[in-house]
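**Q** Before I ask anything, let me first share the structure, which is written out below as structure tokens.
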Amino acid sequence: MGSQLAEVVRLHDIGFEIIEPAGRLAQLVAYWRHLVPMGLPGRQHIDPVTIGPALLPHIFLADAFDGGARFRWRLIGTHIVSHAGTDDTGQELEATLSPQMRETILGHYREVVRGLRPLCHRSEFIGRDRRIYRYERLLLPLASDGKTVDMILGGAVFARSIPESGRDRQQG
């Protein structure tokens, strides 16, 4: 058990790399950008039919409260739930994040709320199956009044699983 905990801590030290969205996440940001000419889009502008069935399992929504002081999961796509091993819909974001990464991840959400602009990261993720996944996460601001961010539209793509042999090399 001790070695598994050390593995978790070591992975959290890797951190997050800011990237340009690609693939499905590029499709999601393109969809969001086509809504922007009307002002910062709100949840009321999002059309799941237009987003399409290939992208919907990769999408999540999080409510933002008090200028980004708190967040709550509103919707989590099935692709994300299958990798996370749990559906945290309705839960406070803070309660669902690992203690090691809580402030970093909440900081990403707050940056989107305050900066009024998208943010995309690549990082490592440990699934409930204890496998290591590389994933990319996109955060997009939504504002029902066109100005104040009250929701985050996000996407997550789990790019690949690191094989056991690769994990052994990482620990060496």
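Simple scheme: letters A, B, ... for chains in structure tokens order, numbers from 1 for residues in each chain, numbers from 1 for ligands in the order shown.
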With only C-alpha atoms as the counted atoms, please give the residues lying no more than 10 Å from A:Leu116, apart from itself and same-chain residues fewer than 6 positions off, as number ranges by chain.
**A** A: 40, 110, 140-143, 147-149
**Q** How would the residues just picked look written out with C-alpha atoms as a compact mmCIF listing (two decimals), in the first residue's frame?
**A**
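Final file, result-v2.txt:
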# COMPACT_ATOMS: atom_id res chain seq x y z
CA LEU A 40 -19.97 35.39 -23.68
CA ARG A 110 -11.09 30.25 -10.99
CA LEU A 140 -14.76 27.21 -21.27
CA PRO A 141 -16.56 30.08 -19.50
CA LEU A 142 -20.34 30.42 -19.77
CA ALA A 143 -22.32 33.44 -18.56
CA LYS A 147 -20.73 38.98 -18.70
CA THR A 148 -20.46 37.14 -15.36
CA VAL A 149 -19.28 33.55 -15.54
**Q** Considering only strand (DSSP E or B) as DSSP defines it on the backbone, what residues of chain A qualify? List them as a PyMOL selection string.
**A** chain A and resi 17-18+59-65+70-76+92+119-126+132-142+151-161
**Q** For the selection just defined, write its residues with C-alpha atoms to a file, as a PDB file, in the first residue's frame.
**A**
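Output file again29.pdb is given in full below:
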ATOM      1  CA  GLU A  17       0.898  21.505 -19.003  1.00  0.00           C
ATOM      2  CA  ILE A  18      -1.053  24.244 -20.816  1.00  0.00           C
ATOM      3  CA  ILE A  59     -18.411  16.966 -21.829  1.00  0.00           C
ATOM      4  CA  PHE A  60     -19.025  18.224 -18.316  1.00  0.00           C
ATOM      5  CA  LEU A  61     -20.739  21.260 -16.812  1.00  0.00           C
ATOM      6  CA  ALA A  62     -19.864  22.833 -13.487  1.00  0.00           C
ATOM      7  CA  ASP A  63     -21.848  25.630 -11.831  1.00  0.00           C
ATOM      8  CA  ALA A  64     -19.716  28.534 -10.580  1.00  0.00           C
ATOM      9  CA  PHE A  65     -20.862  30.368  -7.452  1.00  0.00           C
ATOM     10  CA  ARG A  70     -17.282  27.433  -5.188  1.00  0.00           C
ATOM     11  CA  PHE A  71     -18.161  24.993  -7.966  1.00  0.00           C
ATOM     12  CA  ARG A  72     -20.655  22.138  -8.255  1.00  0.00           C
ATOM     13  CA  TRP A  73     -20.806  19.395 -10.870  1.00  0.00           C
ATOM     14  CA  ARG A  74     -23.997  19.794 -12.917  1.00  0.00           C
ATOM     15  CA  LEU A  75     -23.333  17.132 -15.564  1.00  0.00           C
ATOM     16  CA  ILE A  76     -20.520  14.676 -16.246  1.00  0.00           C
ATOM     17  CA  GLU A  92     -19.280  20.205  -4.750  1.00  0.00           C
ATOM     18  CA  LEU A 119      -7.977  27.088 -20.616  1.00  0.00           C
ATOM     19  CA  CYS A 120      -6.726  23.688 -21.758  1.00  0.00           C
ATOM     20  CA  HIS A 121      -4.329  21.355 -19.910  1.00  0.00           C
ATOM     21  CA  ARG A 122      -2.693  17.977 -20.295  1.00  0.00           C
ATOM     22  CA  SER A 123      -1.844  15.906 -17.242  1.00  0.00           C
ATOM     23  CA  GLU A 124      -1.864  12.467 -15.686  1.00  0.00           C
ATOM     24  CA  PHE A 125      -4.891  10.916 -14.010  1.00  0.00           C
ATOM     25  CA  ILE A 126      -5.162   7.865 -11.797  1.00  0.00           C
ATOM     26  CA  ILE A 132      -2.502   5.815 -15.046  1.00  0.00           C
ATOM     27  CA  TYR A 133      -4.174   7.771 -17.828  1.00  0.00           C
ATOM     28  CA  ARG A 134      -2.924  10.762 -19.755  1.00  0.00           C
ATOM     29  CA  TYR A 135      -5.757  13.182 -20.257  1.00  0.00           C
ATOM     30  CA  GLU A 136      -6.523  16.562 -21.708  1.00  0.00           C
ATOM     31  CA  ARG A 137      -9.070  18.896 -20.128  1.00  0.00           C
ATOM     32  CA  LEU A 138     -10.653  22.010 -21.639  1.00  0.00           C
ATOM     33  CA  LEU A 139     -12.490  24.645 -19.573  1.00  0.00           C
ATOM     34  CA  LEU A 140     -14.758  27.206 -21.275  1.00  0.00           C
ATOM     35  CA  PRO A 141     -16.556  30.080 -19.504  1.00  0.00           C
ATOM     36  CA  LEU A 142     -20.337  30.416 -19.767  1.00  0.00           C
ATOM     37  CA  MET A 151     -20.875  27.973 -15.342  1.00  0.00           C
ATOM     38  CA  ILE A 152     -17.949  26.152 -16.881  1.00  0.00           C
ATOM     39  CA  LEU A 153     -18.421  24.026 -19.992  1.00  0.00           C
ATOM     40  CA  GLY A 154     -15.638  21.506 -20.129  1.00  0.00           C
ATOM     41  CA  GLY A 155     -14.378  18.571 -22.064  1.00  0.00           C
ATOM     42  CA  ALA A 156     -12.030  15.745 -21.143  1.00  0.00           C
ATOM     43  CA  VAL A 157     -10.314  13.217 -23.340  1.00  0.00           C
ATOM     44  CA  PHE A 158      -8.347  10.319 -21.933  1.00  0.00           C
ATOM     45  CA  ALA A 159      -5.653   9.985 -24.540  1.00  0.00           C
ATOM     46  CA  ARG A 160      -4.003   6.723 -23.490  1.00  0.00           C
ATOM     47  CA  SER A 161      -3.213   4.469 -20.602  1.00  0.00           C
TER      48      SER A 161
END
**Q** Need the shell around stretch 46-53 of chain A: protein/DNA/RNA residues with any atom at most 9 Å away, counting only C-alpha atoms. Skip same-chain ones fewer than 6 positions apart. Format as an mmCIF file with N, CA and C atoms, in the first residue's frame?
**A**
data_model
loop_
_atom_site.group_PDB
_atom_site.id
_atom_site.type_symbol
_atom_site.label_atom_id
_atom_site.label_comp_id
_atom_site.auth_asym_id
_atom_site.auth_seq_id
_atom_site.Cartn_x
_atom_site.Cartn_y
_atom_site.Cartn_z
ATOM 1 N N GLN A 27 -12.849 20.585 -31.400
ATOM 2 C CA GLN A 27 -14.223 20.684 -31.890
ATOM 3 C C GLN A 27 -15.095 21.443 -30.891
ATOM 4 N N LEU A 28 -14.901 21.145 -29.591
ATOM 5 C CA LEU A 28 -15.700 21.805 -28.562
ATOM 6 C C LEU A 28 -15.375 23.296 -28.485
ATOM 7 N N TYR A 31 -16.964 25.040 -31.400
ATOM 8 C CA TYR A 31 -18.404 25.216 -31.160
ATOM 9 C C TYR A 31 -18.632 26.425 -30.245
ATOM 10 N N TRP A 32 -17.871 26.498 -29.143
ATOM 11 C CA TRP A 32 -17.994 27.596 -28.183
ATOM 12 C C TRP A 32 -17.686 28.933 -28.862
ATOM 13 N N LEU A 35 -20.325 30.645 -30.808
ATOM 14 C CA LEU A 35 -21.341 31.288 -29.976
ATOM 15 C C LEU A 35 -20.890 32.640 -29.431
#
**Q** Write down as an NGL selection string the residues of stretch 98-140 of chain A whose backbone DSSP state falls under alpha helix (DSSP H).
**A** :A and (102-115)
**Q** Keeping C-alpha atoms, export the residues of the selection given above as a compact mmCIF listing (two decimals), in the first residue's frame.
**A**
# COMPACT_ATOMS: atom_id res chain seq x y z
CA ARG A 102 -7.50 20.35 -4.98
CA GLU A 103 -6.03 23.87 -4.97
CA THR A 104 -4.34 23.48 -8.36
CA ILE A 105 -7.51 22.32 -10.10
CA LEU A 106 -9.76 24.85 -8.35
CA GLY A 107 -7.22 27.49 -9.43
CA HIS A 108 -7.74 26.46 -13.07
CA TYR A 109 -11.51 26.89 -12.74
CA ARG A 110 -11.09 30.25 -10.99
CA GLU A 111 -8.73 31.42 -13.73
CA VAL A 112 -11.43 30.73 -16.35
CA VAL A 113 -14.08 32.52 -14.26
CA ARG A 114 -11.94 35.59 -13.67
CA GLY A 115 -10.13 35.66 -17.02
**Q** Provide the atom CA of A:Ala26 to atom CA of A:Pro118 distance in Å, to one decimal place.
**A**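 Here the two named atoms are 11.4 Å from each other.
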**Q** In Å, how far is it from atom CA of A:Ala54 to atom CA of A:Val81?
**A**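 These atoms are spaced 15.5 Å apart.
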**Q** One decimal, in Å: what's the spacing between atom CA of A:Gly67 and atom CA of A:Gln100?
**A** 23.4 Å
**Q** For a quick check of understanding, using only C-alpha atoms, which of A:Ser144, A:His83, A:Thr96, A:Glu20 has the smallest distance to A:Arg130?
**A**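 Residue with the minimum atom-to-atom distance to A:Arg130: A:His83.
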